[in-house]
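Chemist: File target.cif follows (mmCIF, C-alpha atoms and all ligand atoms):
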data_coords
#
loop_
_atom_site.label_atom_id
_atom_site.label_comp_id
_atom_site.auth_asym_id
_atom_site.auth_seq_id
_atom_site.Cartn_x
_atom_site.Cartn_y
_atom_site.Cartn_z
CA MET F 1 -0.77 1.86 15.88
CA LYS F 2 1.94 2.55 13.24
CA ILE F 3 2.58 0.12 10.39
CA LEU F 4 5.38 0.48 7.83
CA LEU F 5 4.52 -0.73 4.31
CA THR F 6 7.43 -1.31 1.95
CA GLY F 7 6.26 -1.12 -1.68
CA GLY F 8 3.10 0.49 -0.32
CA LEU F 9 2.30 2.33 -3.56
CA GLY F 10 2.22 -0.89 -5.55
CA TYR F 11 -0.85 -2.87 -6.58
CA ILE F 12 -1.32 -4.96 -3.43
CA GLY F 13 0.46 -2.54 -1.08
CA SER F 14 -1.83 0.38 -1.95
CA HIS F 15 -5.01 -1.65 -1.54
CA THR F 16 -3.68 -2.88 1.83
CA ALA F 17 -2.85 0.70 2.88
CA VAL F 18 -6.52 1.64 2.28
CA GLU F 19 -7.86 -1.28 4.32
CA LEU F 20 -5.39 -0.62 7.16
CA ILE F 21 -6.34 3.06 7.32
CA ASN F 22 -10.04 2.14 7.24
CA SER F 23 -9.34 -0.23 10.16
CA GLY F 24 -7.78 2.58 12.20
CA TYR F 25 -4.10 1.84 11.66
CA ASP F 26 -1.54 4.61 11.07
CA VAL F 27 0.33 3.81 7.82
CA VAL F 28 3.83 4.90 6.74
CA ILE F 29 4.84 4.02 3.17
CA VAL F 30 8.26 3.56 1.64
CA ASP F 31 8.50 2.90 -2.09
CA ASP F 32 11.24 3.49 -4.72
CA LEU F 33 8.60 4.07 -7.46
CA SER F 34 10.39 1.56 -9.73
CA ASN F 35 7.07 -0.17 -10.44
CA SER F 36 4.50 2.27 -9.02
CA LYS F 37 3.45 5.90 -9.37
CA ILE F 38 3.37 8.77 -6.86
CA GLU F 39 -0.23 9.52 -7.94
CA VAL F 40 -1.27 6.41 -5.99
CA LEU F 41 -0.60 8.37 -2.78
CA ASP F 42 -3.26 10.91 -3.79
CA ALA F 43 -5.63 8.07 -4.66
CA ILE F 44 -5.20 6.61 -1.15
CA ASN F 45 -5.88 10.09 0.25
CA GLU F 46 -8.98 10.54 -1.94
CA ILE F 47 -10.38 7.17 -0.85
CA THR F 48 -9.61 7.37 2.87
CA GLY F 49 -9.19 11.07 3.59
CA VAL F 50 -5.73 10.23 4.95
CA LYS F 51 -2.47 10.90 3.10
CA PRO F 52 0.08 8.46 4.57
CA LYS F 53 3.60 9.65 5.33
CA PHE F 54 5.69 8.69 2.30
CA TYR F 55 9.41 8.21 1.71
CA GLN F 56 10.80 7.55 -1.76
CA ILE F 57 13.66 5.23 -0.86
CA ASP F 58 15.20 1.93 -1.86
CA VAL F 59 14.59 -0.46 1.03
CA CYS F 60 18.08 -1.91 0.40
CA ASP F 61 19.58 1.48 1.32
CA LYS F 62 20.27 0.99 5.02
CA GLN F 63 21.09 4.64 5.78
CA GLU F 64 17.82 5.84 4.24
CA LEU F 65 15.83 3.11 5.99
CA VAL F 66 17.37 4.02 9.37
CA LYS F 67 16.21 7.61 8.83
CA VAL F 68 12.63 6.40 8.30
CA PHE F 69 12.71 4.44 11.56
CA GLU F 70 14.32 7.41 13.39
CA GLU F 71 11.55 9.73 12.17
CA ASN F 72 8.77 7.27 12.95
CA SER F 73 9.09 5.93 16.46
CA ASN F 74 6.96 3.04 17.74
CA ILE F 75 6.45 1.22 14.45
CA PHE F 76 4.48 -1.87 15.50
CA ALA F 77 4.99 -3.95 12.36
CA VAL F 78 6.45 -3.99 8.87
CA ILE F 79 4.52 -5.41 5.91
CA HIS F 80 7.10 -6.12 3.23
CA PHE F 81 5.59 -5.84 -0.27
CA ALA F 82 8.58 -4.28 -2.04
CA GLY F 83 10.19 -6.59 -4.58
CA PHE F 84 10.57 -7.28 -8.28
CA LYS F 85 7.87 -9.72 -9.41
CA ALA F 86 8.02 -10.50 -13.13
CA VAL F 87 8.65 -14.21 -13.56
CA GLY F 88 9.98 -13.89 -17.12
CA GLU F 89 12.31 -11.00 -16.25
CA SER F 90 13.65 -12.96 -13.28
CA VAL F 91 14.76 -15.75 -15.64
CA LYS F 92 16.66 -13.25 -17.81
CA GLN F 93 18.08 -11.22 -14.89
CA PRO F 94 18.38 -13.54 -11.86
CA LEU F 95 21.06 -11.48 -10.10
CA LYS F 96 18.91 -8.33 -10.20
CA TYR F 97 16.12 -10.35 -8.53
CA TYR F 98 18.28 -12.08 -5.91
CA ARG F 99 20.08 -8.86 -5.03
CA ASN F 100 16.94 -6.74 -4.67
CA ASN F 101 14.45 -9.23 -3.27
CA MET F 102 16.88 -10.70 -0.72
CA ASP F 103 18.88 -7.60 0.21
CA SER F 104 15.69 -5.68 1.03
CA THR F 105 14.72 -8.31 3.60
CA PHE F 106 18.19 -8.51 5.14
CA THR F 107 18.32 -4.71 5.47
CA LEU F 108 14.84 -4.55 6.96
CA LEU F 109 15.61 -7.21 9.57
CA GLU F 110 18.83 -5.46 10.63
CA VAL F 111 17.13 -2.07 10.98
CA MET F 112 14.10 -3.57 12.75
CA GLU F 113 16.46 -5.20 15.25
CA LYS F 114 18.19 -1.85 15.85
CA PHE F 115 14.83 -0.18 16.61
CA ASN F 116 13.29 -3.15 18.43
CA VAL F 117 10.46 -3.64 15.93
CA ASN F 118 9.35 -7.26 16.26
CA ASN F 119 6.50 -7.94 13.83
CA PHE F 120 6.99 -8.85 10.17
CA ILE F 121 4.36 -9.77 7.58
CA PHE F 122 5.80 -11.02 4.31
CA SER F 123 4.26 -10.89 0.83
CA SER F 124 4.91 -14.44 -0.29
CA SER F 125 3.37 -16.34 -3.20
CA ALA F 126 1.80 -19.62 -4.24
CA THR F 127 4.75 -19.86 -6.58
CA VAL F 128 6.77 -21.32 -3.66
CA TYR F 129 4.82 -24.59 -3.97
CA ALA F 130 6.27 -27.47 -5.96
CA VAL F 131 4.19 -28.65 -8.92
CA SER F 132 1.41 -30.83 -7.57
CA GLU F 133 -1.22 -33.02 -9.22
CA VAL F 134 -3.16 -33.01 -5.95
CA MET F 135 -5.51 -30.04 -5.34
CA PRO F 136 -6.37 -28.00 -3.33
CA ILE F 137 -2.95 -26.98 -2.02
CA ASP F 138 -2.57 -26.48 1.73
CA GLU F 139 0.33 -24.99 3.68
CA SER F 140 1.87 -28.43 4.38
CA PHE F 141 2.43 -29.17 0.67
CA PRO F 142 5.99 -29.63 -0.64
CA LEU F 143 7.84 -26.45 -1.61
CA GLY F 144 9.97 -25.93 -4.69
CA ALA F 145 9.92 -22.79 -6.82
CA SER F 146 10.55 -23.17 -10.54
CA ASN F 147 12.00 -19.73 -11.39
CA PRO F 148 14.33 -17.14 -9.83
CA TYR F 149 11.42 -14.89 -8.80
CA GLY F 150 9.71 -17.77 -7.01
CA ARG F 151 13.00 -18.81 -5.44
CA THR F 152 13.48 -15.33 -3.97
CA LYS F 153 10.08 -15.77 -2.31
CA LEU F 154 11.05 -19.23 -1.02
CA PHE F 155 14.48 -18.12 0.17
CA ASN F 156 12.93 -15.11 1.94
CA GLU F 157 10.52 -17.47 3.69
CA ASN F 158 13.48 -19.53 4.92
CA VAL F 159 15.40 -16.45 6.07
CA LEU F 160 12.39 -15.28 8.07
CA ILE F 161 11.69 -18.73 9.54
CA ASP F 162 15.33 -19.11 10.64
CA TYR F 163 15.47 -15.56 12.00
CA GLN F 164 12.27 -16.08 13.99
CA LYS F 165 13.62 -19.36 15.38
CA ALA F 166 16.77 -17.58 16.57
CA ASN F 167 14.79 -14.62 17.94
CA PRO F 168 11.68 -15.97 19.73
CA ASP F 169 10.46 -12.44 20.55
CA PHE F 170 10.25 -11.74 16.78
CA ASN F 171 6.94 -12.62 15.10
CA VAL F 172 6.54 -13.54 11.43
CA ILE F 173 3.50 -14.18 9.25
CA LEU F 174 4.06 -15.44 5.69
CA LEU F 175 1.13 -14.81 3.35
CA ARG F 176 1.14 -16.93 0.19
CA TYR F 177 -0.95 -15.10 -2.42
CA PHE F 178 -2.60 -17.09 -5.17
CA ASN F 179 -3.72 -14.95 -8.14
CA PRO F 180 -4.70 -11.43 -7.07
CA ILE F 181 -6.91 -9.57 -9.59
CA GLY F 182 -9.54 -6.82 -9.46
CA ALA F 183 -9.40 -3.24 -8.21
CA HIS F 184 -10.80 -0.93 -5.57
CA GLU F 185 -14.49 -0.05 -6.10
CA SER F 186 -13.59 3.64 -6.45
CA GLY F 187 -11.78 2.97 -9.74
CA LEU F 188 -8.84 4.97 -8.31
CA LEU F 189 -6.57 2.03 -7.47
CA GLY F 190 -5.72 -0.98 -9.62
CA GLU F 191 -3.08 -3.03 -11.36
CA ASP F 192 -0.89 -0.90 -13.59
CA PRO F 193 2.12 -2.92 -14.77
CA ASN F 194 4.81 -1.22 -16.85
CA GLY F 195 4.78 -2.30 -20.51
CA ILE F 196 2.94 -5.29 -21.99
CA PRO F 197 1.33 -7.21 -19.09
CA ASN F 198 2.52 -10.74 -18.37
CA ASN F 199 -0.46 -11.61 -16.22
CA LEU F 200 -3.89 -12.53 -17.53
CA MET F 201 -6.24 -9.88 -16.14
CA PRO F 202 -4.17 -6.78 -16.90
CA TYR F 203 -3.68 -8.13 -20.43
CA ILE F 204 -7.44 -8.71 -20.85
CA CYS F 205 -8.11 -5.16 -19.61
CA LYS F 206 -5.74 -3.65 -22.19
CA VAL F 207 -7.56 -5.62 -24.91
CA ALA F 208 -10.89 -4.37 -23.57
CA VAL F 209 -9.82 -0.70 -23.77
CA GLY F 210 -8.35 -1.20 -27.25
CA GLU F 211 -4.67 -0.90 -26.31
CA LEU F 212 -4.03 -4.51 -27.40
CA ASP F 213 -5.77 -6.33 -30.27
CA HIS F 214 -6.68 -9.68 -28.71
CA LEU F 215 -5.82 -12.09 -25.93
CA ASN F 216 -3.62 -15.10 -26.65
CA ILE F 217 -4.79 -17.98 -24.52
CA PHE F 218 -1.63 -19.97 -23.74
CA GLY F 219 -2.70 -23.54 -24.40
CA ASN F 220 -6.08 -25.26 -24.56
CA ASP F 221 -4.88 -28.83 -24.06
CA TYR F 222 -4.35 -28.80 -20.30
CA LYS F 223 -5.96 -31.49 -18.16
CA THR F 224 -8.80 -29.16 -17.11
CA LYS F 225 -12.53 -28.95 -17.84
CA ASP F 226 -12.06 -26.81 -20.96
CA GLY F 227 -8.34 -27.36 -21.63
CA THR F 228 -7.25 -23.90 -20.44
CA GLY F 229 -5.20 -23.24 -17.30
CA VAL F 230 -6.99 -23.13 -13.95
CA ARG F 231 -5.95 -20.75 -11.15
CA ASP F 232 -7.28 -19.46 -7.83
CA TYR F 233 -8.16 -15.80 -8.48
CA ILE F 234 -8.68 -13.69 -5.37
CA HIS F 235 -9.99 -10.11 -5.35
CA VAL F 236 -7.18 -7.74 -4.38
CA VAL F 237 -9.43 -6.07 -1.77
CA ASP F 238 -10.05 -9.47 -0.17
CA LEU F 239 -6.28 -10.00 -0.23
CA ALA F 240 -5.81 -6.62 1.47
CA VAL F 241 -8.33 -7.58 4.15
CA GLY F 242 -6.29 -10.76 4.69
CA HIS F 243 -3.32 -8.58 5.66
CA VAL F 244 -5.43 -6.66 8.17
CA LYS F 245 -6.54 -9.97 9.71
CA ALA F 246 -2.90 -11.12 9.92
CA LEU F 247 -1.91 -7.85 11.59
CA ASP F 248 -4.82 -8.07 14.04
CA LYS F 249 -3.53 -11.54 14.95
CA LEU F 250 -0.12 -10.09 15.86
CA VAL F 251 -1.71 -7.23 17.80
CA ASN F 252 -3.84 -9.64 19.84
CA ASN F 253 -1.19 -12.32 20.41
CA LYS F 254 1.95 -10.78 21.92
CA ASN F 255 4.33 -13.74 21.50
CA TYR F 256 2.72 -15.06 18.36
CA GLY F 257 5.81 -16.66 16.79
CA LEU F 258 5.45 -17.94 13.20
CA GLY F 259 2.38 -18.31 10.95
CA ILE F 260 2.15 -19.41 7.31
CA PHE F 261 -1.11 -18.92 5.38
CA ASN F 262 -2.51 -19.29 1.89
CA LEU F 263 -4.57 -16.30 0.74
CA GLY F 264 -6.91 -17.70 -1.90
CA THR F 265 -10.59 -18.51 -2.41
CA GLY F 266 -10.36 -22.29 -2.81
CA ILE F 267 -12.11 -21.94 -6.19
CA GLY F 268 -10.28 -22.70 -9.44
CA TYR F 269 -11.32 -20.79 -12.57
CA SER F 270 -10.04 -21.48 -16.08
CA VAL F 271 -8.80 -18.83 -18.49
CA LEU F 272 -12.03 -19.26 -20.49
CA ASP F 273 -14.07 -18.78 -17.28
CA ILE F 274 -12.28 -15.45 -16.79
CA VAL F 275 -12.70 -14.31 -20.40
CA ASN F 276 -16.35 -15.35 -20.60
CA THR F 277 -17.19 -13.70 -17.25
CA PHE F 278 -15.31 -10.55 -18.25
CA ASN F 279 -17.22 -10.37 -21.53
CA LYS F 280 -20.51 -11.03 -19.74
CA VAL F 281 -20.13 -8.14 -17.29
CA ASN F 282 -18.21 -5.74 -19.57
CA SER F 283 -20.19 -6.05 -22.81
CA ASN F 284 -18.19 -8.49 -24.83
CA LEU F 285 -15.04 -6.56 -25.45
CA VAL F 286 -12.38 -9.25 -25.46
CA LYS F 287 -11.49 -11.27 -28.54
CA TYR F 288 -9.12 -14.18 -28.08
CA GLU F 289 -7.12 -16.79 -29.98
CA PHE F 290 -5.61 -20.03 -28.73
CA ALA F 291 -1.81 -20.05 -28.79
CA GLU F 292 1.05 -22.27 -27.69
CA ARG F 293 1.46 -23.13 -24.01
CA ARG F 294 3.68 -20.68 -22.06
CA PRO F 295 6.82 -22.46 -20.78
CA GLY F 296 6.57 -23.19 -17.06
CA ASP F 297 2.78 -22.97 -16.86
CA ILE F 298 0.94 -25.76 -15.04
CA ASP F 299 -2.53 -27.24 -15.57
CA LYS F 300 -4.18 -26.14 -12.39
CA MET F 301 -3.45 -24.55 -9.04
CA TYR F 302 -5.88 -23.52 -6.33
CA ALA F 303 -5.67 -23.09 -2.58
CA SER F 304 -7.14 -24.65 0.47
CA PRO F 305 -8.11 -21.43 2.30
CA LYS F 306 -9.05 -23.33 5.48
CA LYS F 307 -6.08 -22.41 7.69
CA ALA F 308 -6.47 -18.64 7.20
CA GLU F 309 -10.19 -19.03 7.85
CA GLU F 310 -9.69 -21.00 11.07
CA GLU F 311 -6.71 -19.10 12.51
CA LEU F 312 -7.07 -15.57 11.09
CA GLY F 313 -10.82 -15.47 10.65
CA PHE F 314 -10.18 -14.56 7.00
CA LYS F 315 -12.49 -15.60 4.15
CA ALA F 316 -12.58 -14.07 0.66
CA THR F 317 -16.05 -12.73 -0.13
CA ARG F 318 -15.86 -10.98 -3.51
CA ASN F 319 -16.87 -12.96 -6.61
CA LEU F 320 -15.45 -13.31 -10.11
CA GLU F 321 -17.93 -10.86 -11.64
CA ASP F 322 -16.78 -8.16 -9.21
CA MET F 323 -13.14 -8.96 -9.99
CA CYS F 324 -13.82 -8.53 -13.73
CA LYS F 325 -16.00 -5.43 -13.37
CA SER F 326 -13.63 -3.60 -11.03
CA SER F 327 -10.56 -4.45 -13.14
CA TYR F 328 -12.21 -2.98 -16.23
CA GLU F 329 -13.48 0.12 -14.40
CA TYR F 330 -9.97 0.90 -13.23
CA GLN F 331 -8.45 0.32 -16.67
CA LYS F 332 -11.10 2.53 -18.35
CA ASN F 333 -10.65 5.27 -15.76
CA HIS F 334 -6.88 4.99 -15.94
CA LYS F 335 -6.74 5.00 -19.75
CA GLU F 336 -8.96 8.10 -19.88
CA LYS F 337 -6.49 9.83 -17.56
CA LYS F 338 -3.58 9.38 -20.02
C1 LIG F 401 -2.84 -17.10 -15.33
C2 LIG F 401 -3.37 -18.01 -16.42
C3 LIG F 401 -1.76 -18.52 -18.13
C4 LIG F 401 -1.54 -14.42 -19.73
C5 LIG F 401 1.77 -15.53 -11.90
C6 LIG F 401 3.06 -15.71 -11.18
C7 LIG F 401 2.81 -15.89 -9.72
C8 LIG F 401 1.93 -14.78 -9.19
C9 LIG F 401 0.65 -14.63 -10.00
C10 LIG F 401 3.35 -13.18 -8.08
C11 LIG F 401 -2.36 -19.08 -16.85
C12 LIG F 401 -2.93 -17.72 -18.70
C13 LIG F 401 -1.86 -15.52 -18.96
C14 LIG F 401 -1.92 -14.38 -21.11
C15 LIG F 401 -2.93 -16.54 -20.87
N1 LIG F 401 2.63 -13.56 -9.16
N2 LIG F 401 -2.56 -16.56 -19.53
N3 LIG F 401 -2.60 -15.45 -21.62
O1 LIG F 401 1.16 -17.59 -14.16
O2 LIG F 401 -0.76 -18.25 -12.61
O3 LIG F 401 0.99 -16.68 -11.78
O4 LIG F 401 1.06 -14.43 -11.36
O5 LIG F 401 3.49 -13.78 -7.06
O6 LIG F 401 4.05 -15.87 -9.07
O7 LIG F 401 3.66 -16.89 -11.67
O8 LIG F 401 -0.64 -15.91 -13.50
O9 LIG F 401 -1.94 -14.27 -14.80
O10 LIG F 401 0.34 -14.99 -15.68
O11 LIG F 401 -1.57 -16.61 -15.77
O12 LIG F 401 -3.53 -17.49 -21.37
O13 LIG F 401 -1.65 -13.39 -21.86
O14 LIG F 401 -3.64 -17.24 -17.58
O15 LIG F 401 -1.36 -19.54 -19.02
O16 LIG F 401 -3.08 -20.27 -17.14
P1 LIG F 401 0.19 -17.22 -13.08
P2 LIG F 401 -0.92 -15.36 -14.98
#
Do you think you could lay out the structure here as structure tokens?
Modeler:
Amino acid sequence: MKILLTGGLGYIGSHTAVELINSGYDVVIVDDLSNSKIEVLDAINEITGVKPKFYQIDVCDKQELVKVFEENSNIFAVIHFAGFKAVGESVKQPLKYYRNNMDSTFTLLEVMEKFNVNNFIFSSSATVYAVSEVMPIDESFPLGASNPYGRTKLFNENVLIDYQKANPDFNVILLRYFNPIGAHESGLLGEDPNGIPNNLMPYICKVAVGELDHLNIFGNDYKTKDGTGVRDYIHVVDLAVGHVKALDKLVNNKNYGLGIFNLGTGIGYSVLDIVNTFNKVNSNLVKYEFAERRPGDIDKMYASPKKAEEELGFKATRNLEDMCKSSYEYQKNHKEKK
């Protein structure tokens, strides 16, 4: 069964490609390489023994996308990972984010309609939830993104919900990721952001391999057990497995309709939990200093993973030590390759 992955050479897309191939699916990847590298295709091949068909295109380019669908008949589903995802950049360049992250979805839906492809899994984010004091967060919680990036995720959710309502034969699953970290056990796939990382784990890894001097912990006066921010970190391979479970659901339920699921562990870890665990399993490499809070950050955020467990049969299994170990292995391996 053929599955089209947009942004399939990116961090989450590539890990999902591996799990799909290992589950017997036939994967086709489109990616514009704006935030990924062609070498990831060889890594997928090395891990699985399968080199997916690849097209370097911009998903917003309708003509190019039509060609992909013409050359690959019987696509069963599209998993839409492609999109810009830097919160800070989205504040500085909102139009770039709205244009790319919305246009890609509009174009996909129009081409899918033309080729009668009726299954869509969307890479959404916990960032669509409004700030909440109450934890854990379940799928019924109020929505309200606080930055242009998050709003593109929220607006895409609404486009897909409305489209599915108007086209009952079209099935949509929205997957709201909490904080994906970690890397494939092979050390061949991992998170490889351009420039200085915004997110915690890639920053820690660059400190650990000596590319950055120390970690700045943004705030230690939050209302949490140790004053540092608490998040729900989920291993990227668990996240990838969550996509396979969502796809299986669509395969086994012809007129599925609409599903919305958190992909998280239900466990909140603080920044100091992450740093201390990382140093425990990777021989104490990361120095840190406390710094000012980062604007827009919240005290704590972690998921209720119950709905995905009950309806998709998905439960994250990998622990924090594995997330820290695998992240570092990838960074070490990747740095040595430079
Ligand atoms: C985690 C914690 C920081 C960096 C973001 C996006 C969200 C999603 C996941 C895409 C916070 C602290 C971080 C650093 C630090 N991405 N931190 N020093 O902000 O929870 O979520 O990534 O969907 O949309 O908003 O993740 O990794 O940036 O921060 O102290 O150098 O680490 O304050 O408490 P975040 P993060």
Chemist: Please return as a ChimeraX atom specification the residues found within 9 Å of ligand LIG 401 (chain F), counting only C-alpha atoms and all ligand atoms.
Modeler: /F:85-88,123-128,147,149-150,153,176-181,197-204,215-220,228-233,270-272,274,290-291,293-301
Chemist: Extract, using all atoms listed in the file, all DNA, RNA and protein residues at most 9 Å from Val131 of chain F, discarding same-chain residues fewer than 5 positions from it, and format them as a PDB file with C-alpha atoms, in the frame of the given file.
Modeler:
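As written to disk, result35.pdb reads:
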ATOM      1  CA  PRO F 142       5.990 -29.630  -0.640  1.00  0.00           C
ATOM      2  CA  LEU F 143       7.840 -26.450  -1.610  1.00  0.00           C
ATOM      3  CA  GLY F 144       9.970 -25.930  -4.690  1.00  0.00           C
ATOM      4  CA  ALA F 145       9.920 -22.790  -6.820  1.00  0.00           C
ATOM      5  CA  SER F 146      10.550 -23.170 -10.540  1.00  0.00           C
ATOM      6  CA  ILE F 298       0.940 -25.760 -15.040  1.00  0.00           C
ATOM      7  CA  MET F 301      -3.450 -24.550  -9.040  1.00  0.00           C
TER       8      MET F 301
END
Chemist: Find the residues near Ala246 of chain F: any atom within 12 Å, counting only C-alpha atoms, skip ones fewer than 3 places away on the same chain, and give them as a PyMOL selection string.
Modeler: chain F and resi 16+20+77-79+119-123+171-175+239-243+249-253+256+258-263+307-309+311-314
Chemist: Identify the residues around (15.2, -12.8, 13.7) within a radius of 10 Å, measuring from only C-alpha atoms in the coordinates stated by the file, and give them as a PDB file with C-alpha atoms, in the coordinates of the input.
Modeler:
ATOM      1  CA  LEU F 109      15.610  -7.210   9.570  1.00  0.00           C
ATOM      2  CA  GLU F 110      18.830  -5.460  10.630  1.00  0.00           C
ATOM      3  CA  MET F 112      14.100  -3.570  12.750  1.00  0.00           C
ATOM      4  CA  GLU F 113      16.460  -5.200  15.250  1.00  0.00           C
ATOM      5  CA  ASN F 118       9.350  -7.260  16.260  1.00  0.00           C
ATOM      6  CA  ASN F 119       6.500  -7.940  13.830  1.00  0.00           C
ATOM      7  CA  PHE F 120       6.990  -8.850  10.170  1.00  0.00           C
ATOM      8  CA  VAL F 159      15.400 -16.450   6.070  1.00  0.00           C
ATOM      9  CA  LEU F 160      12.390 -15.280   8.070  1.00  0.00           C
ATOM     10  CA  ILE F 161      11.690 -18.730   9.540  1.00  0.00           C
ATOM     11  CA  ASP F 162      15.330 -19.110  10.640  1.00  0.00           C
ATOM     12  CA  TYR F 163      15.470 -15.560  12.000  1.00  0.00           C
ATOM     13  CA  GLN F 164      12.270 -16.080  13.990  1.00  0.00           C
ATOM     14  CA  LYS F 165      13.620 -19.360  15.380  1.00  0.00           C
ATOM     15  CA  ALA F 166      16.770 -17.580  16.570  1.00  0.00           C
ATOM     16  CA  ASN F 167      14.790 -14.620  17.940  1.00  0.00           C
ATOM     17  CA  PRO F 168      11.680 -15.970  19.730  1.00  0.00           C
ATOM     18  CA  ASP F 169      10.460 -12.440  20.550  1.00  0.00           C
ATOM     19  CA  PHE F 170      10.250 -11.740  16.780  1.00  0.00           C
ATOM     20  CA  ASN F 171       6.940 -12.620  15.100  1.00  0.00           C
ATOM     21  CA  VAL F 172       6.540 -13.540  11.430  1.00  0.00           C
TER      22      VAL F 172
END
Chemist: Enter the distance from atom CA of Tyr302 of chain F to atom CA of Ser36 of chain F, in Å, rounded to one decimal.
Modeler: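 Taking atom CA of Tyr302 of chain F as the start and atom CA of Ser36 of chain F as the end point, the length is 27.9 Å.
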Chemist: Using atom CA of Phe141 of chain F and atom CA of Met102 of chain F as the two end points, give the distance in Å to one decimal.
Modeler: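 Between atom CA of Phe141 of chain F and atom CA of Met102 of chain F the gap works out to 23.5 Å.
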Chemist: So what do you get for atom CA of Tyr330 of chain F versus atom CA of Gly187 of chain F, distance-wise?
Modeler: 4.4 Å
Chemist: For Asn194 of chain F, which of F:Val66, F:Arg318, F:Glu19, F:Phe84 is the closest residue, counting all atoms listed in the file?
Modeler: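 That would be F:Phe84, the residue with the smallest distance to Asn194 of chain F.
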Chemist: Could you tell me which of F:Lys332, F:Lys2, F:Lys67, F:Lys245 comes closest to Leu188 of chain F if we count all atoms listed in the file?
Modeler: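 Checking each candidate against Leu188 of chain F, we get F:Lys332 as the closest.
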Chemist: Reconstruct N, CA and C atoms of segment 175-192 of chain F; output as a PDB file, in the frame of the given file.
Modeler:
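Wrote it out as part_0.pdb, contents follow:
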ATOM      1  N   LEU F 175       2.420 -14.717   4.063  1.00  0.00           N
ATOM      2  CA  LEU F 175       1.130 -14.810   3.350  1.00  0.00           C
ATOM      3  C   LEU F 175       1.386 -15.225   1.912  1.00  0.00           C
ATOM      4  N   ARG F 176       0.911 -16.393   1.528  1.00  0.00           N
ATOM      5  CA  ARG F 176       1.140 -16.930   0.190  1.00  0.00           C
ATOM      6  C   ARG F 176      -0.064 -16.591  -0.695  1.00  0.00           C
ATOM      7  N   TYR F 177       0.148 -15.559  -1.560  1.00  0.00           N
ATOM      8  CA  TYR F 177      -0.950 -15.100  -2.420  1.00  0.00           C
ATOM      9  C   TYR F 177      -1.141 -16.086  -3.568  1.00  0.00           C
ATOM     10  N   PHE F 178      -2.371 -16.365  -3.928  1.00  0.00           N
ATOM     11  CA  PHE F 178      -2.600 -17.090  -5.170  1.00  0.00           C
ATOM     12  C   PHE F 178      -2.667 -16.065  -6.294  1.00  0.00           C
ATOM     13  N   ASN F 179      -3.768 -15.908  -7.015  1.00  0.00           N
ATOM     14  CA  ASN F 179      -3.720 -14.950  -8.140  1.00  0.00           C
ATOM     15  C   ASN F 179      -4.558 -13.699  -7.859  1.00  0.00           C
ATOM     16  N   PRO F 180      -3.931 -12.634  -7.367  1.00  0.00           N
ATOM     17  CA  PRO F 180      -4.700 -11.430  -7.070  1.00  0.00           C
ATOM     18  C   PRO F 180      -5.128 -10.723  -8.350  1.00  0.00           C
ATOM     19  N   ILE F 181      -6.416 -10.387  -8.450  1.00  0.00           N
ATOM     20  CA  ILE F 181      -6.910  -9.570  -9.590  1.00  0.00           C
ATOM     21  C   ILE F 181      -7.993  -8.647  -9.063  1.00  0.00           C
ATOM     22  N   GLY F 182      -8.483  -7.735  -9.904  1.00  0.00           N
ATOM     23  CA  GLY F 182      -9.540  -6.820  -9.460  1.00  0.00           C
ATOM     24  C   GLY F 182      -8.938  -5.484  -9.026  1.00  0.00           C
ATOM     25  N   ALA F 183      -9.807  -4.613  -8.566  1.00  0.00           N
ATOM     26  CA  ALA F 183      -9.400  -3.240  -8.210  1.00  0.00           C
ATOM     27  C   ALA F 183     -10.381  -2.662  -7.209  1.00  0.00           C
ATOM     28  N   HIS F 184      -9.948  -1.591  -6.555  1.00  0.00           N
ATOM     29  CA  HIS F 184     -10.800  -0.930  -5.570  1.00  0.00           C
ATOM     30  C   HIS F 184     -12.058  -0.388  -6.241  1.00  0.00           C
ATOM     31  N   GLU F 185     -13.179  -0.440  -5.521  1.00  0.00           N
ATOM     32  CA  GLU F 185     -14.490  -0.050  -6.100  1.00  0.00           C
ATOM     33  C   GLU F 185     -14.519   1.393  -6.584  1.00  0.00           C
ATOM     34  N   SER F 186     -13.608   2.223  -6.057  1.00  0.00           N
ATOM     35  CA  SER F 186     -13.590   3.640  -6.450  1.00  0.00           C
ATOM     36  C   SER F 186     -13.092   3.824  -7.892  1.00  0.00           C
ATOM     37  N   GLY F 187     -12.399   2.809  -8.412  1.00  0.00           N
ATOM     38  CA  GLY F 187     -11.780   2.970  -9.740  1.00  0.00           C
ATOM     39  C   GLY F 187     -10.495   3.773  -9.683  1.00  0.00           C
ATOM     40  N   LEU F 188     -10.042   4.114  -8.467  1.00  0.00           N
ATOM     41  CA  LEU F 188      -8.840   4.970  -8.310  1.00  0.00           C
ATOM     42  C   LEU F 188      -7.572   4.156  -8.093  1.00  0.00           C
ATOM     43  N   LEU F 189      -7.739   2.891  -7.703  1.00  0.00           N
ATOM     44  CA  LEU F 189      -6.570   2.030  -7.470  1.00  0.00           C
ATOM     45  C   LEU F 189      -6.726   0.784  -8.338  1.00  0.00           C
ATOM     46  N   GLY F 190      -5.613   0.255  -8.844  1.00  0.00           N
ATOM     47  CA  GLY F 190      -5.720  -0.980  -9.620  1.00  0.00           C
ATOM     48  C   GLY F 190      -4.343  -1.447 -10.043  1.00  0.00           C
ATOM     49  N   GLU F 191      -4.360  -2.459 -10.912  1.00  0.00           N
ATOM     50  CA  GLU F 191      -3.080  -3.030 -11.360  1.00  0.00           C
ATOM     51  C   GLU F 191      -2.597  -2.254 -12.578  1.00  0.00           C
ATOM     52  N   ASP F 192      -1.358  -1.801 -12.531  1.00  0.00           N
ATOM     53  CA  ASP F 192      -0.890  -0.900 -13.590  1.00  0.00           C
ATOM     54  C   ASP F 192       0.551  -1.247 -13.956  1.00  0.00           C
TER      55      ASP F 192
END
